[in-house]
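Participant: I'm passing along coords.txt; it holds compact mmCIF, C-alpha atoms and all ligand atoms.
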# COMPACT_ATOMS: atom_id res chain seq x y z
CA MET W 1 -58.94 -16.25 3.77
CA PRO W 2 -58.42 -19.09 6.28
CA THR W 3 -57.42 -22.65 5.50
CA LEU W 4 -60.74 -24.48 5.26
CA ALA W 5 -59.73 -28.05 5.99
CA THR W 6 -58.96 -29.06 9.60
CA ARG W 7 -55.41 -30.03 10.52
CA PRO W 8 -56.22 -33.79 10.77
CA GLU W 9 -58.02 -33.65 7.41
CA LEU W 10 -55.11 -31.91 5.71
CA PHE W 11 -52.61 -34.27 7.34
CA ASP W 12 -54.56 -37.29 6.10
CA ARG W 13 -54.56 -35.94 2.60
CA GLU W 14 -50.89 -34.88 2.59
CA PHE W 15 -49.30 -37.71 4.58
CA LEU W 16 -48.40 -40.02 1.70
CA ALA W 17 -47.14 -37.15 -0.44
CA LEU W 18 -44.99 -35.84 2.43
CA ARG W 19 -43.63 -39.32 3.09
CA ALA W 20 -42.76 -39.73 -0.60
CA LYS W 21 -40.99 -36.35 -0.76
CA ILE W 22 -38.94 -37.12 2.36
CA LEU W 23 -37.95 -40.52 0.97
CA GLU W 24 -36.91 -38.87 -2.28
CA ILE W 25 -34.63 -36.49 -0.35
CA ALA W 26 -33.18 -39.35 1.72
CA ALA W 27 -32.43 -41.41 -1.37
CA THR W 28 -30.87 -38.41 -3.14
CA LEU W 29 -28.57 -37.78 -0.16
CA ASP W 30 -27.57 -41.49 -0.13
CA ARG W 31 -26.88 -41.33 -3.88
CA LEU W 32 -24.64 -38.30 -3.36
CA ASP W 33 -22.76 -40.12 -0.56
CA ARG W 34 -22.18 -43.17 -2.76
CA SER W 35 -20.81 -41.22 -5.71
CA PRO W 36 -17.12 -40.38 -6.19
CA GLY W 37 -15.65 -36.88 -5.88
CA SER W 38 -16.10 -34.20 -3.25
CA LEU W 39 -18.43 -31.25 -2.60
CA ALA W 40 -15.99 -29.57 -0.22
CA GLY W 41 -16.19 -25.82 -0.71
CA ASP W 42 -19.49 -25.87 -2.63
CA PRO W 43 -21.63 -23.25 -0.87
CA ARG W 44 -24.84 -24.97 -1.97
CA VAL W 45 -24.17 -27.81 0.49
CA GLU W 46 -24.47 -25.33 3.38
CA GLN W 47 -27.70 -23.96 1.84
CA ILE W 48 -29.22 -27.45 1.86
CA ARG W 49 -28.14 -27.89 5.49
CA GLU W 50 -29.70 -24.54 6.46
CA ALA W 51 -32.91 -25.41 4.62
CA PHE W 52 -33.18 -28.67 6.61
CA ALA W 53 -32.87 -26.66 9.81
CA VAL W 54 -35.77 -24.45 8.70
CA LEU W 55 -37.93 -27.54 8.05
CA THR W 56 -37.47 -28.84 11.58
CA SER W 57 -38.19 -25.44 13.19
CA HIS W 58 -41.61 -24.57 14.53
CA ASP W 59 -42.52 -21.18 13.04
CA SER W 60 -45.24 -21.08 10.41
CA ASP W 61 -43.28 -19.16 7.75
CA ARG W 62 -41.03 -22.05 6.71
CA ALA W 63 -41.64 -21.70 2.97
CA GLU W 64 -40.64 -18.03 3.03
CA ARG W 65 -37.53 -18.78 5.10
CA VAL W 66 -36.46 -21.66 2.83
CA GLN W 67 -36.79 -19.26 -0.12
CA LEU W 68 -34.51 -16.79 1.67
CA VAL W 69 -31.91 -19.50 2.36
CA PHE W 70 -31.60 -19.93 -1.42
CA SER W 71 -31.64 -16.18 -2.19
CA ARG W 72 -28.91 -13.61 -2.53
CA PRO W 73 -29.48 -11.16 0.34
CA TYR W 74 -30.94 -7.70 -0.29
CA ASP W 75 -28.43 -4.87 -0.17
CA PRO W 76 -30.24 -1.62 0.67
CA ASN W 77 -27.24 0.31 -0.74
CA TRP W 78 -27.37 -1.51 -4.06
CA LYS W 79 -27.54 1.71 -6.07
CA ASN W 80 -24.04 2.66 -4.86
CA ASN W 81 -22.60 -0.84 -4.84
CA LEU W 82 -23.86 -2.10 -8.19
CA ALA W 83 -21.55 -0.41 -10.71
CA MET P 1 -65.32 -22.29 -14.85
CA TYR P 2 -64.35 -19.40 -17.12
CA TYR P 3 -60.89 -17.97 -16.51
CA PHE P 4 -58.45 -15.47 -18.00
CA ASP P 5 -54.69 -16.22 -18.24
CA PRO P 6 -52.97 -12.90 -17.46
CA HIS P 7 -49.49 -14.01 -18.59
CA ILE P 8 -48.83 -16.51 -21.37
CA HIS P 9 -46.49 -16.44 -24.39
CA MET P 10 -48.69 -17.79 -27.15
CA VAL P 11 -46.15 -17.02 -29.93
CA SER P 12 -44.24 -20.01 -28.51
CA ARG P 13 -47.25 -22.33 -28.52
CA VAL P 14 -48.98 -24.24 -31.29
CA THR P 15 -52.53 -23.60 -32.48
CA ASP P 16 -53.65 -26.80 -30.71
CA ASP P 17 -52.85 -25.08 -27.41
CA TYR P 18 -55.36 -22.33 -28.18
CA GLU P 19 -57.93 -25.04 -28.81
CA THR P 20 -57.09 -26.87 -25.56
CA LEU P 21 -57.24 -23.64 -23.54
CA ALA P 22 -60.64 -22.82 -25.00
CA LYS P 23 -61.93 -26.27 -24.08
CA MET P 24 -60.69 -25.87 -20.52
CA GLY P 25 -62.61 -22.65 -19.88
CA CYS P 26 -60.07 -20.02 -20.87
CA VAL P 27 -61.82 -17.02 -22.43
CA GLY P 28 -58.86 -14.70 -22.93
CA MET P 29 -55.20 -14.10 -22.29
CA SER P 30 -52.65 -11.32 -22.04
CA GLU P 31 -49.26 -11.86 -23.66
CA PRO P 32 -46.28 -9.75 -22.54
CA ALA P 33 -43.36 -9.19 -24.90
CA PHE P 34 -40.39 -11.32 -23.81
CA TRP P 35 -37.11 -12.99 -24.74
CA ALA P 36 -37.43 -15.39 -27.68
CA GLY P 37 -34.74 -17.81 -26.45
CA PHE P 38 -32.09 -16.02 -28.55
CA ASP P 39 -30.99 -12.39 -28.78
CA ARG P 40 -32.51 -10.55 -31.72
CA GLY P 41 -30.04 -8.83 -34.02
CA SER P 42 -31.80 -5.55 -34.81
CA PRO P 43 -34.67 -3.24 -33.92
CA GLU P 44 -36.45 -4.49 -37.05
CA GLY P 45 -36.50 -7.97 -35.50
CA PHE P 46 -38.49 -6.49 -32.64
CA ARG P 47 -40.84 -4.60 -34.96
CA ASP P 48 -41.73 -7.91 -36.64
CA TYR P 49 -42.23 -9.54 -33.22
CA PHE P 50 -44.53 -6.71 -32.11
CA ARG P 51 -46.51 -7.14 -35.35
CA GLN P 52 -46.88 -10.86 -34.61
CA LEU P 53 -48.15 -9.98 -31.10
CA THR P 54 -50.62 -7.35 -32.28
CA GLU P 55 -51.75 -8.77 -35.63
CA PHE P 56 -51.44 -12.53 -35.90
CA GLU P 57 -51.89 -13.84 -32.33
CA PRO P 58 -55.27 -12.12 -31.82
CA LYS P 59 -56.40 -13.72 -35.08
CA ARG P 60 -55.23 -17.20 -34.08
CA ALA P 61 -56.91 -16.82 -30.67
CA ALA P 62 -60.17 -15.71 -32.28
CA TRP P 63 -60.38 -18.96 -34.26
CA TYR P 64 -61.27 -20.53 -30.88
CA HIS P 65 -63.33 -17.60 -29.55
CA LEU P 66 -60.48 -16.52 -27.29
CA GLN P 67 -59.65 -12.84 -26.82
CA HIS P 68 -55.95 -12.09 -27.04
CA PHE P 69 -54.34 -8.96 -25.53
CA THR P 70 -50.69 -7.99 -25.46
CA TRP P 71 -47.93 -5.81 -23.97
CA ILE P 72 -44.99 -4.17 -25.76
CA CYS P 73 -41.42 -3.57 -24.46
CA ILE P 74 -37.77 -4.56 -24.57
CA ASN P 75 -37.43 -7.51 -22.19
CA ALA P 76 -35.04 -7.68 -19.22
CA LYS P 77 -32.61 -10.10 -20.83
CA GLU P 78 -31.99 -8.20 -24.05
CA ALA P 79 -31.95 -4.94 -22.04
CA GLU P 80 -28.31 -5.78 -21.31
CA ASN P 81 -27.65 -4.29 -24.79
CA VAL P 82 -28.39 -0.64 -23.98
CA SER P 83 -28.02 0.86 -27.47
CA LEU P 84 -30.27 -1.76 -29.09
CA SER P 85 -32.76 -1.34 -26.25
CA ARG P 86 -33.00 2.40 -26.84
CA GLU P 87 -33.76 1.77 -30.52
CA VAL P 88 -36.52 -0.65 -29.50
CA ILE P 89 -37.92 1.81 -26.94
CA LYS P 90 -38.35 4.31 -29.81
CA LEU P 91 -40.60 1.75 -31.55
CA ILE P 92 -42.90 1.25 -28.57
CA PRO P 93 -45.20 4.30 -28.90
CA GLU P 94 -46.35 3.39 -32.44
CA PHE P 95 -47.71 0.09 -31.10
CA LEU P 96 -49.40 1.41 -27.95
CA ASP P 97 -52.50 2.58 -29.83
CA LYS P 98 -53.06 -0.73 -31.60
CA PRO P 99 -56.17 -2.66 -30.55
CA GLY P 100 -55.54 -5.03 -27.64
CA VAL P 101 -52.28 -3.46 -26.44
CA LEU P 102 -52.57 -3.11 -22.66
CA GLY P 103 -49.35 -1.29 -21.79
CA ILE P 104 -45.59 -1.68 -21.39
CA GLY P 105 -44.26 -5.08 -20.31
CA GLU P 106 -42.86 -7.40 -19.30
CA ILE P 107 -40.01 -5.10 -18.32
CA GLY P 108 -37.84 -5.88 -15.30
CA LEU P 109 -34.57 -7.44 -14.26
CA ASN P 110 -32.92 -10.73 -15.19
CA LYS P 111 -29.46 -10.80 -13.55
CA ASN P 112 -29.88 -7.51 -11.63
CA THR P 113 -27.22 -5.65 -13.65
CA PRO P 114 -26.68 -1.87 -14.01
CA ASN P 115 -27.67 -2.00 -17.72
CA GLU P 116 -30.90 -3.84 -16.97
CA SER P 117 -31.72 -1.25 -14.29
CA THR P 118 -31.05 1.63 -16.69
CA ILE P 119 -33.40 0.25 -19.35
CA PHE P 120 -36.02 -0.68 -16.74
CA MET P 121 -36.06 2.92 -15.47
CA GLU P 122 -36.30 4.35 -19.00
CA GLN P 123 -39.32 2.19 -19.76
CA VAL P 124 -41.07 3.03 -16.47
CA GLU P 125 -40.46 6.70 -17.33
CA LEU P 126 -42.07 6.16 -20.74
CA ALA P 127 -45.07 4.39 -19.23
CA ASP P 128 -45.42 7.09 -16.59
CA ARG P 129 -45.28 9.85 -19.21
CA LEU P 130 -47.79 8.13 -21.54
CA ASP P 131 -50.06 7.01 -18.68
CA GLU P 132 -49.66 3.32 -19.65
CA GLN P 133 -50.09 0.29 -17.38
CA ILE P 134 -46.92 -1.66 -16.50
CA LEU P 135 -46.26 -5.41 -16.29
CA ILE P 136 -43.03 -6.39 -14.53
CA HIS P 137 -40.94 -9.56 -14.76
CA THR P 138 -38.95 -10.46 -11.63
CA PRO P 139 -35.79 -12.61 -11.83
CA HIS P 140 -35.67 -16.32 -11.08
CA LEU P 141 -34.17 -18.44 -8.32
CA GLU P 142 -31.37 -16.89 -6.22
CA ASP P 143 -31.74 -13.48 -7.94
CA LYS P 144 -35.48 -13.11 -7.36
CA TYR P 145 -35.40 -11.65 -3.86
CA MET P 146 -32.74 -9.02 -4.50
CA GLY P 147 -34.15 -8.25 -7.97
CA THR P 148 -37.69 -7.77 -6.71
CA ARG P 149 -36.51 -5.47 -3.93
CA MET P 150 -34.42 -3.48 -6.47
CA ILE P 151 -37.46 -3.12 -8.73
CA LEU P 152 -39.60 -1.89 -5.84
CA ASP P 153 -36.85 0.59 -4.87
CA MET P 154 -36.70 1.91 -8.45
CA LEU P 155 -40.49 2.28 -8.64
CA ASP P 156 -40.28 4.39 -5.45
CA ASP P 157 -38.52 7.05 -7.55
CA PHE P 158 -41.79 7.68 -9.42
CA ALA P 159 -43.74 9.59 -6.81
CA ASP P 160 -47.05 9.85 -8.65
CA LEU P 161 -47.12 6.39 -10.21
CA ASP P 162 -50.52 4.73 -9.66
CA HIS P 163 -49.52 1.48 -7.91
CA GLY P 164 -52.89 -0.05 -8.76
CA ARG P 165 -51.91 0.01 -12.45
CA VAL P 166 -48.66 -1.93 -12.00
CA LEU P 167 -48.45 -5.74 -11.98
CA VAL P 168 -45.33 -7.36 -10.49
CA ASP P 169 -45.14 -10.91 -11.78
CA HIS P 170 -43.59 -14.23 -10.72
CA VAL P 171 -43.94 -13.52 -6.99
CA GLU P 172 -43.23 -16.34 -4.54
CA GLU P 173 -43.39 -16.76 -0.75
CA HIS P 174 -40.48 -14.40 -0.06
CA THR P 175 -41.51 -11.56 -2.41
CA VAL P 176 -45.32 -11.47 -2.48
CA ARG P 177 -45.71 -9.52 0.76
CA HIS P 178 -43.32 -6.75 -0.34
CA VAL P 179 -45.30 -6.28 -3.56
CA LEU P 180 -48.79 -6.34 -2.04
CA GLU P 181 -48.01 -4.08 0.92
CA ARG P 182 -46.96 -1.32 -1.50
CA GLY P 183 -50.31 -1.52 -3.28
CA TYR P 184 -49.13 -3.20 -6.49
CA TRP P 185 -50.81 -6.19 -8.11
CA ALA P 186 -48.94 -9.49 -7.76
CA GLY P 187 -48.87 -12.39 -10.24
CA MET P 188 -48.13 -15.98 -9.20
CA THR P 189 -46.64 -18.06 -12.00
CA LEU P 190 -47.28 -21.80 -12.03
CA TYR P 191 -44.23 -23.28 -13.67
CA PRO P 192 -42.55 -26.67 -13.38
CA VAL P 193 -39.37 -26.76 -11.24
CA SER P 194 -38.32 -23.09 -11.05
CA LYS P 195 -41.39 -21.20 -9.82
CA CYS P 196 -44.62 -21.98 -7.95
CA THR P 197 -46.91 -25.03 -7.74
CA PRO P 198 -50.73 -24.83 -7.66
CA GLU P 199 -50.75 -25.90 -3.98
CA ARG P 200 -48.28 -23.17 -2.98
CA ALA P 201 -50.28 -20.60 -4.95
CA VAL P 202 -53.39 -21.59 -2.96
CA ASP P 203 -51.29 -21.21 0.23
CA MET P 204 -50.48 -17.63 -0.77
CA VAL P 205 -54.15 -16.85 -1.50
CA GLU P 206 -55.05 -18.22 1.96
CA HIS P 207 -52.25 -16.22 3.56
CA TYR P 208 -52.83 -12.84 1.92
CA GLY P 209 -56.42 -13.00 0.68
CA PRO P 210 -57.50 -12.75 -2.96
CA GLU P 211 -57.17 -8.98 -3.33
CA ARG P 212 -54.76 -7.89 -6.11
CA LEU P 213 -53.53 -11.47 -6.63
CA LEU P 214 -53.42 -13.05 -10.09
CA VAL P 215 -52.42 -16.53 -11.20
CA ASN P 216 -50.89 -17.36 -14.58
CA SER P 217 -49.18 -20.14 -16.52
CA ALA P 218 -46.47 -18.02 -18.20
CA GLY P 219 -46.52 -20.81 -20.81
CA ASP P 220 -43.62 -20.23 -23.22
CA TRP P 221 -41.00 -22.10 -25.28
CA GLY P 222 -39.53 -23.79 -22.17
CA PRO P 223 -40.93 -26.77 -20.25
CA SER P 224 -44.13 -25.07 -19.13
CA LYS P 225 -47.80 -25.94 -18.91
CA PRO P 226 -50.27 -23.65 -20.70
CA THR P 227 -53.16 -25.26 -18.80
CA ALA P 228 -51.69 -24.54 -15.35
CA VAL P 229 -54.51 -22.18 -14.32
CA PRO P 230 -57.11 -25.01 -14.43
CA ASP P 231 -54.71 -26.96 -12.14
CA PHE P 232 -54.92 -24.04 -9.70
CA ILE P 233 -58.74 -23.99 -9.96
CA LEU P 234 -58.85 -27.67 -9.07
CA ALA P 235 -56.40 -27.22 -6.17
CA MET P 236 -58.58 -24.38 -4.79
CA ARG P 237 -61.67 -26.62 -5.01
CA ARG P 238 -59.93 -29.52 -3.28
CA ARG P 239 -58.95 -27.19 -0.47
CA GLY P 240 -62.61 -26.25 0.00
CA HIS P 241 -62.74 -22.75 -1.49
CA SER P 242 -66.03 -21.60 -2.97
CA GLU P 243 -66.61 -21.12 -6.68
CA ALA P 244 -67.05 -17.38 -6.02
CA GLU P 245 -63.62 -17.15 -4.36
CA ILE P 246 -61.95 -19.08 -7.18
CA ARG P 247 -63.68 -17.00 -9.83
CA ARG P 248 -62.49 -13.83 -8.11
CA VAL P 249 -58.83 -14.84 -8.54
CA VAL P 250 -58.91 -16.38 -12.01
CA TYR P 251 -61.51 -14.19 -13.72
CA GLU P 252 -62.66 -11.07 -11.89
CA ASN P 253 -59.21 -9.97 -10.72
CA PRO P 254 -57.61 -10.04 -14.17
CA LEU P 255 -60.57 -8.16 -15.62
CA GLU P 256 -60.38 -5.57 -12.85
CA PHE P 257 -56.68 -4.98 -13.46
CA PHE P 258 -56.80 -4.97 -17.26
CA SER P 259 -59.92 -2.76 -17.39
CA GLN P 260 -57.65 0.12 -16.45
CA SER P 261 -56.07 -0.08 -19.93
CA ARG P 262 -57.81 2.01 -22.59
CA ASN P 263 -57.39 -0.79 -25.17
CA PHE P 264 -59.00 -3.52 -23.06
CA GLU P 265 -62.21 -4.04 -24.93
CA PHE P 266 -63.26 -7.35 -23.45
CA ARG P 267 -66.53 -8.97 -24.46
CA PRO P 268 -67.43 -11.26 -21.54
CA PRO P 269 -68.84 -14.64 -22.52
CA GLU P 270 -72.55 -14.98 -21.91
CA VAL P 271 -73.18 -16.69 -18.59
CA PRO P 272 -76.68 -17.99 -17.98
CA ALA P 273 -77.71 -16.60 -14.58
CA GLU P 274 -77.64 -19.90 -12.68
CA ALA P 275 -74.99 -21.81 -14.60
CA ASP P 276 -71.88 -20.52 -12.83
CA LYS P 277 -73.12 -20.72 -9.25
ZN ZN U 1 -43.23 -13.98 -19.32
As a first step, turn the structure in this file into structure tokens.
Ligand SMILES: [Zn+2]
Facilitator:
Amino acid sequence: MPTLATRPELFDREFLALRAKILEIAATLDRLDRSPGSLAGDPRVEQIREAFAVLTSHDSDRAERVQLVFSRPYDPNWKNNLA
Amino acid sequence: MYYFDPHIHMVSRVTDDYETLAKMGCVGMSEPAFWAGFDRGSPEGFRDYFRQLTEFEPKRAAWYHLQHFTWICINAKEAENVSLSREVIKLIPEFLDKPGVLGIGEIGLNKNTPNESTIFMEQVELADRLDEQILIHTPHLEDKYMGTRMILDMLDDFADLDHGRVLVDHVEEHTVRHVLERGYWAGMTLYPVSKCTPERAVDMVEHYGPERLLVNSAGDWGPSKPTAVPDFILAMRRRGHSEAEIRRVVYENPLEFFSQSRNFEFRPPEVPAEADK
């Protein structure tokens, strides 16, 4: 099933929402910078950085790749390694 | 538009929610057995829960002309207690012949532990032996990908399982393809914060087509929205999809999947020939 709206139509409809979401991220990052304490060693910081890199890439499976950034990887030998 | 919610926990909702769902076009729902927010202390606690699912909820739904169906199992979270789980599994068969019981579910994984896997396998075995349909819960957030792949690996051990009678729920962008390409049904759960939004669910329908895809609210005792399926219907319309395409996902698909259960005696609402076009 294809996307029915044209790219300019979709962009028109989504522009303000996209802008708002990006601003929200920018403000959250500023808020983190202003606050005391440190996130050194917190692996989630690197996940956020990796997710940003996915957003600025040009492939069309960004949502799937962002999901994988925040996922524990699949271990095909899990049956032996689990216990 | 009429729709059917394939996954919603009505025991956690008030009677007003049944009324609201009916007003929004819902004609029926299927309610899997799940975790109540606390661990139950005994098998008898589960027997009472299964009675609530099979006796009282259908009655409450019927007050608003809704048809309520259900699934019986020990859920993934309480499956961590293997001895209690085995006691509960012994209770399952006596409920499978009750009216409106569609199969065994929602079984699955929660934290991807060895105990959860053991109890998952034992319940798939039971379903396989009794020829019951299966509804599967996949884990949340960082455990979803690994947990879904583990579940699919475990299902591979059942060589003659009919994949068309298994529903793998709570799929998202990174798991939906793995589920569909093996011939299982996939459920998209619209849930604030931790799962999928209506817009992303429409994306997945556009990406993979409507075949074997379901959409549900999974409304429960947490911050959830029992009327999430109408949100999806509206999002589909705003993206330009036809009424026939929308109806396929929210009404015909659930009926097609559930019709494979011997206890699915659904009486479709009367639709005047032209009214739903
Ligand atoms: Zn559920």
Participant: List all protein, DNA and RNA residues that have an atom no more than 12 Å from any atom of ligand ZN 1 (chain U), counting all atoms listed in the file, and report them as an MDAnalysis selection string.
Facilitator: chainID P and resid 5:12 30:37 70:73 75:77 105:110 135:140 168:170 187:191 216:222 224
Participant: Which residues of chain W have any atom within 12 Å of an atom in chain P when counting all atoms listed in the file, and what is the closest pair of atoms for each, with the distance in Å to one decimal? Order the rows by chain and rising number and write it as CSV.
Facilitator:
residue,atom,partner,partner_atom,distance
W:Met1,CA,P:Glu206,CA,4.7
W:Pro2,CA,P:Glu206,CA,5.5
W:Thr3,CA,P:Glu206,CA,6.1
W:Leu4,CA,P:Gly240,CA,5.9
W:Ala5,CA,P:Arg239,CA,6.6
W:Thr6,CA,P:Arg239,CA,10.2
W:Arg7,CA,P:Arg239,CA,11.9
W:Glu9,CA,P:Arg239,CA,10.2
W:Leu10,CA,P:Arg239,CA,8.7
W:Arg13,CA,P:Arg238,CA,10.2
W:Glu14,CA,P:Glu199,CA,11.1
W:Arg44,CA,P:Glu142,CA,11.2
W:Gln47,CA,P:Glu142,CA,11.3
W:Ser60,CA,P:His207,CA,10.9
W:Asp61,CA,P:Glu173,CA,8.8
W:Arg62,CA,P:Glu173,CA,9.4
W:Ala63,CA,P:Glu173,CA,6.4
W:Glu64,CA,P:His174,CA,4.8
W:Arg65,CA,P:His174,CA,7.4
W:Val66,CA,P:His174,CA,8.8
W:Gln67,CA,P:His174,CA,6.1
W:Leu68,CA,P:His174,CA,6.7
W:Val69,CA,P:Glu142,CA,9.0
W:Phe70,CA,P:Glu142,CA,5.7
W:Ser71,CA,P:Glu142,CA,4.1
W:Arg72,CA,P:Glu142,CA,5.5
W:Pro73,CA,P:Met146,CA,6.2
W:Tyr74,CA,P:Met146,CA,4.8
W:Asp75,CA,P:Met146,CA,7.4
W:Pro76,CA,P:Met150,CA,8.5
W:Asn77,CA,P:Met150,CA,9.9
W:Trp78,CA,P:Met150,CA,7.7
W:Lys79,CA,P:Met150,CA,8.6
W:Asn80,CA,P:Pro114,CA,10.5
W:Asn81,CA,P:Pro114,CA,10.1
W:Leu82,CA,P:Pro114,CA,6.5
W:Ala83,CA,P:Pro114,CA,6.3
Participant: For CA of Leu84 (chain P) and CA of Gly41 (chain P), quote the distance in Å rounded to one decimal.
Facilitator: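 These two atoms are separated by 8.6 Å.
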Participant: CA of Leu16 (chain W) to CA of Thr227 (chain P): how many Å, to one decimal?
Facilitator: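 Calculated distance between CA of Leu16 (chain W) and CA of Thr227 (chain P) is 25.7 Å.
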Participant: Between CA of Leu155 (chain P) and CA of Trp185 (chain P), what is the spacing in Å?
Facilitator: 13.4 Å
Participant: Mind checking which residues fall within 7 Å of His163 (chain P), counting all atoms listed in the file, ignoring those fewer than 2 positions away in the same chain, and posting them as a short mmCIF file (atom, residue, chain, number, x, y, z; two decimals) with C-alpha atoms, in the frame of the given file?
Facilitator:
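Listed below is the output, result-v5.cif:
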data_model
loop_
_atom_site.label_atom_id
_atom_site.label_comp_id
_atom_site.auth_asym_id
_atom_site.auth_seq_id
_atom_site.Cartn_x
_atom_site.Cartn_y
_atom_site.Cartn_z
CA LEU P 161 -47.12 6.39 -10.21
CA ARG P 165 -51.91 0.01 -12.45
CA VAL P 166 -48.66 -1.93 -12.00
CA GLY P 183 -50.31 -1.52 -3.28
CA TYR P 184 -49.13 -3.20 -6.49
#
Participant: With distances taken over only C-alpha atoms, which of P:Gly100, P:Gly164, P:Pro226, P:Gly45 is nearest to Tyr18 (chain P)?
Facilitator: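 For Tyr18 (chain P), the nearest of the given residues is P:Pro226.
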Participant: Using only C-alpha atoms, which protein or nucleic acid residues come within 12 Å of Arg86 (chain P)? Drop anything in the same chain fewer than 5 positions from it, and give the result as a list in words.
Facilitator: Ser42, Pro43, Phe46, Cys73, Ile74, Asn75, Glu78, Ala79, Glu80, Asn81, Leu91, Ile92, Asn115, Glu116, Thr118, Ile119, Phe120, Met121, Glu122, Gln123 and Leu126 of chain P
